[in-house]
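Student: Take a look at entry-v4.cif, mmCIF, C-alpha atoms:
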```cif
data_final
loop_
_atom_site.label_atom_id
_atom_site.label_comp_id
_atom_site.auth_asym_id
_atom_site.auth_seq_id
_atom_site.Cartn_x
_atom_site.Cartn_y
_atom_site.Cartn_z
CA MET A 1 94.02 -66.95 66.73
CA LYS A 2 94.48 -70.68 66.28
CA LYS A 3 91.51 -71.33 68.56
CA VAL A 4 89.31 -68.96 66.51
CA LEU A 5 90.27 -70.72 63.28
CA THR A 6 89.52 -74.11 64.86
CA LEU A 7 86.09 -72.94 65.97
CA ALA A 8 85.37 -71.47 62.53
CA LEU A 9 86.36 -74.75 60.87
CA ALA A 10 84.16 -76.73 63.26
CA ALA A 11 81.23 -74.40 62.48
CA LEU A 12 81.72 -74.90 58.74
CA LEU A 13 81.85 -78.68 59.17
CA LEU A 14 78.67 -78.60 61.26
CA LEU A 15 76.95 -76.44 58.64
CA GLY A 16 78.02 -78.89 55.93
CA CYS A 17 76.65 -81.82 57.90
CA THR A 18 73.36 -79.91 58.40
CA PHE A 19 72.99 -79.37 54.65
CA ALA A 20 73.83 -83.03 53.97
CA LEU A 21 71.22 -84.19 56.45
CA ALA A 22 68.66 -81.81 54.96
CA GLU A 23 69.28 -83.24 51.50
CA GLU A 24 68.83 -86.77 52.83
CA GLU A 25 65.50 -85.83 54.43
CA VAL A 26 63.76 -85.24 51.07
CA CYS A 27 63.57 -87.50 48.03
CA THR A 28 62.03 -86.76 44.63
CA TYR A 29 59.89 -89.03 42.47
CA THR A 30 59.79 -87.79 38.88
CA ILE A 31 56.52 -89.12 37.46
CA PHE A 32 56.16 -89.64 33.69
CA ASN A 33 52.68 -90.23 32.30
CA GLU A 34 53.07 -92.87 29.59
CA THR A 35 49.59 -94.37 30.03
CA GLY A 36 48.53 -93.10 26.61
CA GLU A 37 45.86 -90.83 28.09
CA LYS A 38 45.31 -88.12 30.68
CA VAL A 39 45.81 -89.09 34.33
CA THR A 40 43.00 -87.52 36.36
CA GLU A 41 43.99 -88.78 39.81
CA LEU A 42 47.47 -89.20 41.31
CA TYR A 43 47.91 -89.80 45.02
CA VAL A 44 50.54 -90.76 47.56
CA ILE A 45 49.24 -92.71 50.57
CA ASP A 46 51.19 -93.29 53.80
CA ASN A 47 51.04 -97.05 54.39
CA ALA A 48 51.35 -96.72 58.17
CA THR A 49 48.78 -93.95 58.80
CA GLU A 50 46.71 -94.30 55.57
CA GLU A 51 46.99 -90.51 55.19
CA LYS A 52 46.25 -89.57 51.57
CA SER A 53 47.87 -86.66 49.76
CA ASP A 54 46.23 -84.02 47.60
CA ASN A 55 45.56 -84.99 43.99
CA TYR A 56 48.90 -84.29 42.32
CA ALA A 57 47.26 -84.52 38.89
CA GLY A 58 45.46 -81.26 39.67
CA GLU A 59 42.12 -80.05 38.38
CA GLU A 60 43.18 -80.23 34.74
CA GLY A 61 44.85 -83.64 35.04
CA LEU A 62 48.34 -84.77 34.07
CA ALA A 63 48.41 -84.76 30.29
CA LYS A 64 49.53 -87.70 28.17
CA GLY A 65 53.33 -87.50 28.13
CA GLY A 66 53.27 -85.06 31.05
CA ILE A 67 55.82 -84.94 33.86
CA ILE A 68 55.45 -83.99 37.52
CA GLU A 69 57.81 -84.15 40.50
CA ILE A 70 56.58 -85.35 43.89
CA GLN A 71 58.71 -85.06 47.02
CA GLY A 72 58.79 -87.42 49.97
CA THR A 73 59.97 -86.52 53.48
CA ASN A 74 61.95 -89.21 55.24
CA LYS A 75 60.92 -90.78 58.52
CA GLU A 76 61.28 -94.08 60.36
CA GLY A 77 59.42 -96.88 58.58
CA TYR A 78 58.86 -94.80 55.45
CA GLU A 79 56.71 -96.72 52.96
CA ILE A 80 54.00 -95.32 50.71
CA THR A 81 51.56 -96.30 47.98
CA LEU A 82 51.52 -94.45 44.66
CA ALA A 83 48.05 -94.68 43.10
CA PHE A 84 46.67 -93.25 39.86
CA LYS A 85 43.57 -93.27 37.68
CA THR A 86 43.25 -92.36 34.00
CA GLU A 87 40.53 -90.50 32.13
CA SER A 88 39.07 -93.78 30.83
CA GLY A 89 38.87 -95.21 34.35
CA ILE A 90 41.96 -97.47 34.32
CA GLU A 91 43.52 -97.63 37.79
CA GLY A 92 46.98 -98.60 38.95
CA ALA A 93 48.94 -98.64 42.19
CA PHE A 94 52.39 -99.49 43.49
CA LYS A 95 52.10 -100.27 47.20
CA THR A 96 55.71 -100.51 48.42
CA LEU A 97 57.40 -97.30 47.39
CA HIS A 98 60.38 -96.47 49.61
CA PHE A 99 62.43 -93.35 50.28
CA GLU A 100 64.55 -92.82 47.16
CA THR A 101 65.01 -90.33 44.36
CA VAL A 102 63.90 -92.20 41.24
CA PRO A 103 62.11 -91.78 37.91
CA ILE A 104 58.70 -93.52 37.80
CA THR A 105 56.84 -94.16 34.55
CA LEU A 106 53.10 -94.83 34.70
CA LEU A 107 52.43 -97.52 32.10
CA ALA A 108 49.58 -98.23 29.73
CA ALA A 109 47.92 -101.62 30.27
CA ASP A 110 49.37 -103.03 27.04
CA ALA A 111 52.87 -101.88 28.02
CA MET A 112 52.96 -103.81 31.29
CA THR A 113 55.28 -106.82 31.39
CA GLY A 114 53.76 -108.11 34.64
CA ALA A 115 51.30 -107.04 37.30
CA THR A 116 53.10 -103.78 38.05
CA PRO A 117 51.63 -100.65 36.40
CA ILE A 118 54.86 -98.65 36.77
CA THR A 119 58.51 -98.94 35.90
CA PHE A 120 61.50 -97.27 37.57
CA PHE A 121 62.93 -95.94 34.32
CA ALA A 122 62.43 -92.67 32.49
CA PRO A 123 60.89 -93.00 29.01
CA VAL A 124 63.26 -93.13 26.04
CA CYS A 125 62.69 -91.67 22.57
CA THR A 126 64.59 -92.51 19.38
CA TYR A 127 65.90 -90.12 16.75
CA THR A 128 66.67 -91.99 13.52
CA VAL A 129 69.23 -89.73 11.85
CA TYR A 130 69.77 -90.03 8.08
CA ASN A 131 72.81 -88.53 6.38
CA THR A 132 71.53 -86.90 3.19
CA THR A 133 74.20 -84.20 3.05
CA GLY A 134 75.88 -85.76 0.01
CA GLU A 135 79.12 -86.41 1.89
CA LYS A 136 80.47 -88.13 4.98
CA VAL A 137 79.41 -86.69 8.35
CA THR A 138 82.44 -86.63 10.65
CA GLU A 139 80.85 -85.12 13.74
CA LEU A 140 77.38 -85.68 15.20
CA TYR A 141 76.53 -84.53 18.72
CA VAL A 142 73.56 -84.05 21.04
CA THR A 143 73.96 -81.28 23.62
CA ASP A 144 71.71 -80.73 26.64
CA ASN A 145 70.50 -77.13 26.41
CA THR A 146 70.11 -76.79 30.18
CA THR A 147 73.37 -78.28 31.42
CA GLY A 148 75.54 -77.86 28.30
CA GLU A 149 76.54 -81.52 28.57
CA LYS A 150 77.71 -82.79 25.18
CA SER A 151 77.39 -86.38 24.02
CA GLU A 152 80.00 -88.59 22.47
CA ASN A 153 80.54 -88.22 18.71
CA TYR A 154 77.75 -90.41 17.32
CA ALA A 155 79.33 -90.28 13.86
CA GLY A 156 82.19 -92.43 15.16
CA GLU A 157 84.69 -92.96 12.37
CA GLY A 158 82.30 -91.21 10.01
CA LEU A 159 78.67 -91.57 8.94
CA GLU A 160 78.67 -92.21 5.19
CA ASN A 161 76.29 -90.40 2.85
CA GLY A 162 73.01 -92.33 2.75
CA ALA A 163 73.70 -94.09 6.06
CA SER A 164 71.60 -93.75 9.20
CA ILE A 165 72.04 -94.09 12.94
CA GLU A 166 69.66 -94.27 15.91
CA ILE A 167 70.18 -91.95 18.88
CA ASN A 168 68.19 -92.37 22.09
CA GLY A 169 67.04 -89.53 24.31
CA THR A 170 65.97 -90.06 27.94
CA ASN A 171 63.08 -87.86 29.05
CA LYS A 172 63.30 -85.43 31.96
CA PRO A 173 61.61 -82.16 33.03
CA GLY A 174 62.55 -79.34 30.66
CA TYR A 175 63.97 -81.68 28.04
CA VAL A 176 65.41 -79.68 25.09
CA VAL A 177 68.58 -80.63 23.20
CA THR A 178 70.64 -79.38 20.27
CA LEU A 179 71.54 -81.74 17.43
CA SER A 180 74.66 -80.59 15.61
CA PHE A 181 76.76 -82.05 12.80
CA LYS A 182 79.78 -81.37 10.63
CA THR A 183 80.68 -82.92 7.28
CA GLU A 184 84.01 -83.92 5.77
CA SER A 185 84.22 -80.66 3.78
CA GLY A 186 83.62 -78.55 6.92
CA TYR A 187 79.94 -77.79 6.33
CA GLU A 188 78.15 -77.43 9.69
CA GLY A 189 74.52 -77.55 10.77
CA ALA A 190 72.50 -77.53 13.97
CA PHE A 191 68.93 -77.74 15.21
CA GLU A 192 68.77 -76.10 18.63
CA THR A 193 65.27 -76.95 19.90
CA LEU A 194 64.91 -80.69 19.62
CA HIS A 195 62.27 -82.02 22.01
CA TYR A 196 61.44 -85.45 23.40
CA GLU A 197 59.84 -87.38 20.50
CA THR A 198 60.52 -90.43 18.36
CA VAL A 199 61.10 -89.00 14.88
CA PRO A 200 63.14 -89.43 11.71
CA ILE A 201 65.68 -86.65 11.09
CA SER A 202 67.41 -86.06 7.76
CA LEU A 203 70.62 -84.02 7.75
CA LEU A 204 70.36 -81.79 4.67
CA ALA A 205 72.90 -80.53 2.16
CA ALA A 206 73.03 -76.72 1.83
CA ASP A 207 71.34 -76.80 -1.61
CA ALA A 208 68.52 -79.02 -0.26
CA MET A 209 67.42 -76.58 2.45
CA THR A 210 64.05 -74.92 1.97
CA GLY A 211 64.65 -72.45 4.83
CA ALA A 212 67.22 -71.75 7.52
CA THR A 213 67.02 -75.24 9.02
CA GLN A 214 69.66 -77.81 8.06
CA ILE A 215 67.49 -80.77 9.01
CA SER A 216 64.13 -82.22 8.00
CA PHE A 217 61.80 -84.32 10.13
CA LYS A 218 61.31 -86.82 7.32
CA ALA A 219 63.02 -90.02 6.31
CA PRO A 220 64.62 -89.83 2.84
#
```
Represent the structure from my file as structure tokens, please.
Tutor:
Amino acid sequence: MKKVLTLALAALLLLGCTFALAEEEVCTYTIFNETGEKVTELYVIDNATEEKSDNYAGEEGLAKGGIIEIQGTNKEGYEITLAFKTESGIEGAFKTLHFETVPITLLAADAMTGATPITFFAPVCTYTVYNTTGEKVTELYVTDNTTGEKSENYAGEGLENGASIEINGTNKPGYVVTLSFKTESGYEGAFETLHYETVPISLLAADAMTGATQISFKAP
């Protein structure tokens, strides 16, 4: 019996190692189009063999603000070039992309800080939240709708009536979050389909609502 258990444990360990190796064999580049226009061509080129991939932008192109994931399969000497072209004819390339799971943002020409047309950061948006509830906001959270992960309390020790705060959101595929708040008197509000965009958001008092939504996408 002991021998059977030992063999079963060894098999489980081997299976675990197989899964771990499989995970290490594939990386994912999450590509964000922040060029300011449609990307019509997007290729990955093997630097050793010069083999060129299909056009990941597709027939319709990768829309402005669009996101696509590209996978890379590991091998000895892995190094590739990521190349793209926009609708207006602007071209860019990064020629020393290695095996790693990273976000990659394709930049507009006026957003480049050097000669590199990409950055290894996901784009960030800013919600400028104004408290127009008429009282102190004691709780202010952003919750990821996919994972359920809840942020810290952005209200801190309390966001006074008339005060504002900036909250950043980092883009990703399927980005949708819930913005929720609670005031000193116990009044609560939430907006459950907040997307990736830089916008002003006013938290409304109950008597200032024009519908069922406790926020407005306007600065006071």
Student: Pick out the residues sitting within 7 Å of range 118-131 of chain A, and hand them over as a PyMOL selection string; count all atoms listed in the file, and ignore anything fewer than 3 positions along from it in its own chain.
Tutor: chain A and resi 102-107+161-171+196-203+219
Student: Interatomic distance between CA of Ser185 in chain A and CA of Gly134 in chain A?
Tutor: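 If I compute the distance from CA of Ser185 in chain A to CA of Gly134 in chain A, I get 10.5 Å.
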Student: What does the PyMOL selection byres ((chain A and resi 91-93) around 9) select in this file, as a ChimeraX atom specification?
Tutor: /A:81-86,89-90,94-95,106-107,116-118
Student: Which value, in Å to one decimal, gives the distance between CA of Ser216 in chain A and CA of Glu152 in chain A?
Tutor: 22.4 Å
Student: On this file, the PyMOL selection byres ((chain A and resi 141) around 7) gives some set of residues; write that set as a ChimeraX atom specification.
Tutor: /A:139-140,142-143,150-154,179-181
Student: Pick the closest to Phe191 in chain A from A:Tyr175, A:Tyr78, A:Phe217, A:Phe99: which is it, counting all atoms listed in the file?
Tutor: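 Smallest separation from Phe191 in chain A among the options: A:Phe217.
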Student: I'd like the neighbourhood of Thr40 in chain A as a ChimeraX atom specification, where a residue qualifies if any of its atoms comes within 12 Å (using all atoms listed in the file), though same-chain residues fewer than 2 positions away should be ignored.
Tutor: /A:33,35,37-38,42-43,55-64,66,83-91
